[in-house]
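Down below is the structure, laid out as structure tokens.
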Protein chains: 2
Amino acid sequence: MINNFFEKRKNIEQVEESTDLAPKFGSDGLIPVVTTDFKSGEVLMQGYMNEEAFAQTIKLGEAIYYSRSRKSLWHKGKTSGFIQKIKEIRIDDDQDCVWLRVDVVGGSSCHVGYRSCFYRSVPFGKLISKSKVNLEFKEKEKVFDPKKIYKDAPNPTKL
Amino acid sequence: MINNFFEKRKNIEQVEESTDLAPKFGSDGLIPVVTTDFKSGEVLMQGYMNEEAFAQTIKLGEAIYYSRSRKSLWHKGKTSGFIQKIKEIRIDDDQDCVWLRVDVVGGSSCHVGYRSCFYRSVPFGKLISKSKVNLEFKEKEKVFDPKKIYKDAPNPTKL
């Protein structure tokens with residue numbers, strides 16, 4: 001059933017210029033996914049989907065990723081409550097990246113507790129006065145306390 | 001000199017909660033990059049950087065990616081003229097993804113000729129009446145004619 005959604009990749013014109021959904025999953029079986037807030041346009045997170053995660057996302061209308069650390073489907077928000085309700089799904093020219101525009105129930109998409117995972121900026125160009133770059137925090141307060149929500153669950157960040 | 005920008009990854013607290021720039025490059029030496037339009041918030045493209053590309057981007061203030069197809073640094077817009085002027089660089093919680101907010105000289109970021117690479121949407125949820133999904137074009141007109149700009153250069157899309 002899953003593969004009913006996806007066409008075989010036949011040629012460049014089909015992939016770039018047709019209405020066929022013919023996504024390219026990498027050698028690891030995954031496609032990168034960019035998720036933005038529907039209202040603000042802010043990038044909330046970047047994740048991955050395998051074929052099943054992408055098909056289930058299309059069917060359900062809520063974001064389902066593939067967790068590389070847990071090696072399993074990951075219905076975002078099932079633990080924290082911060083479900084991502086999909087408003088639009090886009091795919092790029094060569095169909096090797098997915099863009100989700102979502103509304104987030106509860107307003108946070110980051111396991112550290114911030115609204116967006118991208119809560120720090122990197123100074124660049126003329127802003128760099130010395131060789132060391134110091135990140136700047138763009139979000140001042142966390143939306144939630146990860147210790148209360150995730151309790152003893154392992155931190156997904158890998159060194 | 002490049003490595004002056006980047007700290008070694010020491011522990012999760014440093015990576016998630018400090019001002020150290022300690023990006024994680026994958027086993028292929030690359031970090032995924034999401035690029036959005038500074039004004040509209042639209043996702044323009046998703047690409048990759050290696051260490052040198054990221055360091056040069058920080059120094060120059062224009063987007064320099066690593067081209068996986070050409071296996072070399074890729075100063076976006078050098079051929080087409082569509083330079084991406086950086087307005088802000090963000091990095092995510094576990095520092096394995098970069099978000100660029102840019103102004104695009106000439107207004108196009110897509111080699112097919114559209115404004116954004118994500119010019120097609122994927123119907124989902126109740127919008128799916130049958131098993132076949134037909135993409136919908138969200139941009140009606142191309143910004144430029146790729147044949148005139150790129151001439152005989154090979155198409156970067158891989159099947």
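Starting from 1 in every chain, residues are counted up; chains themselves are A, B, ... following the order of the structure tokens, and ligands are numbered from 1 as listed.
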Residues of chain A within 7 Å of chain B, only C-alpha atoms counted, as JSON, numbers by chain: {"A": [4, 5, 9, 11, 12, 19, 20, 21, 41, 42, 58, 59, 60, 61, 89, 90, 91, 92, 93, 94, 117, 118, 119, 120, 121, 122, 124, 125, 131, 132, 133, 134, 135, 136, 157, 159]}
Write a file of the selected residues as an mmCIF file, in the first residue's frame, keeping N, CA and C atoms.
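result.cif was written with the following content:
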data_model
loop_
_atom_site.group_PDB
_atom_site.id
_atom_site.type_symbol
_atom_site.label_atom_id
_atom_site.label_comp_id
_atom_site.auth_asym_id
_atom_site.auth_seq_id
_atom_site.Cartn_x
_atom_site.Cartn_y
_atom_site.Cartn_z
ATOM 1 N N ASN A 4 2.080 2.723 -3.247
ATOM 2 C CA ASN A 4 1.117 3.349 -4.150
ATOM 3 C C ASN A 4 1.355 4.844 -4.262
ATOM 4 N N PHE A 5 1.847 5.453 -3.188
ATOM 5 C CA PHE A 5 2.088 6.891 -3.212
ATOM 6 C C PHE A 5 3.267 7.254 -4.113
ATOM 7 N N ARG A 9 11.469 6.473 -10.181
ATOM 8 C CA ARG A 9 12.162 7.597 -10.814
ATOM 9 C C ARG A 9 12.623 7.165 -12.200
ATOM 10 N N ASN A 11 13.132 9.546 -15.225
ATOM 11 C CA ASN A 11 14.031 10.456 -15.934
ATOM 12 C C ASN A 11 13.946 11.836 -15.277
ATOM 13 N N ILE A 12 14.865 12.709 -15.657
ATOM 14 C CA ILE A 12 14.964 14.016 -14.993
ATOM 15 C C ILE A 12 13.712 14.863 -15.223
ATOM 16 N N THR A 19 3.961 15.892 -12.263
ATOM 17 C CA THR A 19 3.204 15.828 -11.010
ATOM 18 C C THR A 19 3.405 14.484 -10.302
ATOM 19 N N ASP A 20 4.326 13.673 -10.795
ATOM 20 C CA ASP A 20 4.627 12.404 -10.127
ATOM 21 C C ASP A 20 5.360 12.647 -8.814
ATOM 22 N N LEU A 21 4.929 11.966 -7.774
ATOM 23 C CA LEU A 21 5.679 11.975 -6.511
ATOM 24 C C LEU A 21 6.667 10.813 -6.564
ATOM 25 N N GLY A 41 7.014 31.138 9.761
ATOM 26 C CA GLY A 41 8.016 30.781 8.765
ATOM 27 C C GLY A 41 9.326 30.312 9.374
ATOM 28 N N GLU A 42 9.423 30.371 10.688
ATOM 29 C CA GLU A 42 10.651 29.962 11.388
ATOM 30 C C GLU A 42 10.950 28.482 11.156
ATOM 31 N N ILE A 58 1.808 11.542 5.023
ATOM 32 C CA ILE A 58 0.861 11.949 3.980
ATOM 33 C C ILE A 58 -0.559 11.491 4.341
ATOM 34 N N LYS A 59 -0.658 10.280 4.867
ATOM 35 C CA LYS A 59 -1.988 9.748 5.191
ATOM 36 C C LYS A 59 -2.598 10.428 6.411
ATOM 37 N N LEU A 60 -1.754 10.650 7.453
ATOM 38 C CA LEU A 60 -2.267 11.126 8.742
ATOM 39 C C LEU A 60 -2.408 12.641 8.808
ATOM 40 N N GLY A 61 -1.519 13.367 8.130
ATOM 41 C CA GLY A 61 -1.531 14.828 8.250
ATOM 42 C C GLY A 61 -0.858 15.317 9.519
ATOM 43 N N ILE A 89 2.677 20.243 2.615
ATOM 44 C CA ILE A 89 3.882 19.452 2.349
ATOM 45 C C ILE A 89 4.413 19.890 0.987
ATOM 46 N N ARG A 90 5.702 20.206 0.939
ATOM 47 C CA ARG A 90 6.331 20.529 -0.352
ATOM 48 C C ARG A 90 7.488 19.563 -0.601
ATOM 49 N N ILE A 91 7.821 19.390 -1.871
ATOM 50 C CA ILE A 91 8.987 18.570 -2.229
ATOM 51 C C ILE A 91 9.835 19.350 -3.214
ATOM 52 N N ASP A 92 11.140 19.118 -3.194
ATOM 53 C CA ASP A 92 12.011 19.991 -3.986
ATOM 54 C C ASP A 92 12.229 19.458 -5.405
ATOM 55 N N ASP A 93 12.992 20.211 -6.175
ATOM 56 C CA ASP A 93 13.131 19.959 -7.608
ATOM 57 C C ASP A 93 13.538 18.517 -7.938
ATOM 58 N N ASP A 94 14.608 18.044 -7.286
ATOM 59 C CA ASP A 94 15.039 16.670 -7.583
ATOM 60 C C ASP A 94 14.446 15.650 -6.613
ATOM 61 N N CYS A 117 14.455 24.440 17.322
ATOM 62 C CA CYS A 117 15.774 23.864 17.591
ATOM 63 C C CYS A 117 16.888 24.874 17.275
ATOM 64 N N PHE A 118 16.570 25.850 16.433
ATOM 65 C CA PHE A 118 17.598 26.799 15.967
ATOM 66 C C PHE A 118 17.562 28.060 16.830
ATOM 67 N N TYR A 119 17.864 27.894 18.115
ATOM 68 C CA TYR A 119 17.731 29.000 19.060
ATOM 69 C C TYR A 119 19.018 29.806 19.219
ATOM 70 N N ARG A 120 20.062 29.448 18.459
ATOM 71 C CA ARG A 120 21.330 30.190 18.533
ATOM 72 C C ARG A 120 21.786 30.627 17.144
ATOM 73 N N SER A 121 22.347 31.821 17.063
ATOM 74 C CA SER A 121 22.860 32.316 15.786
ATOM 75 C C SER A 121 24.386 32.332 15.786
ATOM 76 N N VAL A 122 24.936 32.293 14.578
ATOM 77 C CA VAL A 122 26.383 32.270 14.365
ATOM 78 C C VAL A 122 26.800 33.617 13.769
ATOM 79 N N PHE A 124 28.836 36.324 11.662
ATOM 80 C CA PHE A 124 29.512 36.067 10.382
ATOM 81 C C PHE A 124 30.027 37.384 9.797
ATOM 82 N N GLY A 125 30.885 37.230 8.769
ATOM 83 C CA GLY A 125 31.383 38.392 8.022
ATOM 84 C C GLY A 125 32.010 39.436 8.926
ATOM 85 N N SER A 131 39.195 35.240 15.892
ATOM 86 C CA SER A 131 39.022 33.929 15.276
ATOM 87 C C SER A 131 37.948 33.101 15.982
ATOM 88 N N LYS A 132 37.762 33.314 17.268
ATOM 89 C CA LYS A 132 36.764 32.517 17.968
ATOM 90 C C LYS A 132 35.358 33.062 17.712
ATOM 91 N N VAL A 133 34.448 32.158 17.366
ATOM 92 C CA VAL A 133 33.058 32.538 17.135
ATOM 93 C C VAL A 133 32.242 32.175 18.368
ATOM 94 N N ASN A 134 31.542 33.154 18.929
ATOM 95 C CA ASN A 134 30.654 32.866 20.048
ATOM 96 C C ASN A 134 29.202 32.922 19.587
ATOM 97 N N LEU A 135 28.491 31.814 19.774
ATOM 98 C CA LEU A 135 27.080 31.779 19.408
ATOM 99 C C LEU A 135 26.291 32.776 20.253
ATOM 100 N N GLU A 136 25.192 33.267 19.665
ATOM 101 C CA GLU A 136 24.294 34.166 20.401
ATOM 102 C C GLU A 136 22.947 33.494 20.593
ATOM 103 N N THR A 157 20.695 13.825 21.594
ATOM 104 C CA THR A 157 21.914 14.430 21.054
ATOM 105 C C THR A 157 23.103 13.466 21.174
ATOM 106 N N LEU A 159 27.268 12.909 20.521
ATOM 107 C CA LEU A 159 28.526 13.628 20.286
ATOM 108 C C LEU A 159 29.209 13.074 19.049
#
Residues of range 94-125 of chain A in strand (DSSP E or B), written as number ranges by chain: A: 98-104, 120-121
Spatial neighbours of Ala153 in chain A, max dist 12 Å, only C-alpha atoms, sep filter under 3 positions, as a PyMOL selection string: chain A and resi 70+79-80+111+146-150+156-157
Output N, CA, C and O atoms for every residue in that selection, as a PDB file, in the first residue's frame.
ATOM      1  N   ARG A  70      16.924   6.086  17.595  1.00  0.00           N
ATOM      2  CA  ARG A  70      16.119   4.963  18.088  1.00  0.00           C
ATOM      3  C   ARG A  70      15.859   3.909  17.012  1.00  0.00           C
ATOM      4  O   ARG A  70      15.305   2.854  17.293  1.00  0.00           O
ATOM      5  N   THR A  79       5.204  11.739  22.887  1.00  0.00           N
ATOM      6  CA  THR A  79       5.651  11.780  24.286  1.00  0.00           C
ATOM      7  C   THR A  79       5.391  13.142  24.910  1.00  0.00           C
ATOM      8  O   THR A  79       4.813  13.252  25.987  1.00  0.00           O
ATOM      9  N   SER A  80       5.784  14.201  24.209  1.00  0.00           N
ATOM     10  CA  SER A  80       5.750  15.543  24.785  1.00  0.00           C
ATOM     11  C   SER A  80       4.380  16.207  24.648  1.00  0.00           C
ATOM     12  O   SER A  80       4.085  17.170  25.359  1.00  0.00           O
ATOM     13  N   HIS A 111      13.789  19.395  21.768  1.00  0.00           N
ATOM     14  CA  HIS A 111      13.857  18.571  22.984  1.00  0.00           C
ATOM     15  C   HIS A 111      14.574  19.280  24.132  1.00  0.00           C
ATOM     16  O   HIS A 111      14.488  18.868  25.280  1.00  0.00           O
ATOM     17  N   PRO A 146      12.463  20.230  29.977  1.00  0.00           N
ATOM     18  CA  PRO A 146      12.628  18.877  29.427  1.00  0.00           C
ATOM     19  C   PRO A 146      12.657  17.789  30.507  1.00  0.00           C
ATOM     20  O   PRO A 146      12.180  16.682  30.269  1.00  0.00           O
ATOM     21  N   LYS A 147      13.182  18.124  31.677  1.00  0.00           N
ATOM     22  CA  LYS A 147      13.264  17.102  32.730  1.00  0.00           C
ATOM     23  C   LYS A 147      11.873  16.648  33.175  1.00  0.00           C
ATOM     24  O   LYS A 147      11.668  15.490  33.517  1.00  0.00           O
ATOM     25  N   LYS A 148      10.922  17.581  33.165  1.00  0.00           N
ATOM     26  CA  LYS A 148       9.556  17.227  33.577  1.00  0.00           C
ATOM     27  C   LYS A 148       8.841  16.417  32.498  1.00  0.00           C
ATOM     28  O   LYS A 148       8.030  15.545  32.783  1.00  0.00           O
ATOM     29  N   ILE A 149       9.125  16.746  31.237  1.00  0.00           N
ATOM     30  CA  ILE A 149       8.410  16.096  30.122  1.00  0.00           C
ATOM     31  C   ILE A 149       9.018  14.743  29.789  1.00  0.00           C
ATOM     32  O   ILE A 149       8.306  13.749  29.613  1.00  0.00           O
ATOM     33  N   TYR A 150      10.340  14.705  29.669  1.00  0.00           N
ATOM     34  CA  TYR A 150      10.979  13.471  29.179  1.00  0.00           C
ATOM     35  C   TYR A 150      11.458  12.563  30.309  1.00  0.00           C
ATOM     36  O   TYR A 150      11.833  11.427  30.076  1.00  0.00           O
ATOM     37  N   PRO A 156      18.589  12.633  22.956  1.00  0.00           N
ATOM     38  CA  PRO A 156      18.872  12.195  21.573  1.00  0.00           C
ATOM     39  C   PRO A 156      20.148  12.784  20.974  1.00  0.00           C
ATOM     40  O   PRO A 156      20.616  12.309  19.942  1.00  0.00           O
ATOM     41  N   THR A 157      20.695  13.825  21.594  1.00  0.00           N
ATOM     42  CA  THR A 157      21.914  14.430  21.054  1.00  0.00           C
ATOM     43  C   THR A 157      23.103  13.466  21.174  1.00  0.00           C
ATOM     44  O   THR A 157      23.359  12.930  22.252  1.00  0.00           O
TER      45      THR A 157
END
Alpha helix (DSSP H) positions in chain A, given as a PyMOL selection string: chain A and resi 12-17+51-60+146-150
Interatomic distance (Å, one decimal) between CA of Ala53 in chain A and CA of Leu73 in chain A: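 Spanning CA of Ala53 in chain A to CA of Leu73 in chain A is a straight-line distance of 6.3 Å.
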Separation of CA of Asp103 in chain A from CA of Lys85 in chain A in Å: 5.1 Å
Closest of B:Ser69, B:Glu52, B:Ile31, B:Ser109 to Val143 in chain B - atom-to-atom distances counting only C-alpha atoms: B:Ser109
Between CA of Gly26 in chain A and CA of Leu30 in chain B, distance in Å (one decimal):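 Distance between the two atoms: 14.3 Å.
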Gly106 in chain B environment, 9 Å, only C-alpha atoms, sequence neighbours closer than 2 positions dropped, as a ChimeraX atom specification: /B:81-83,104,108-109,143
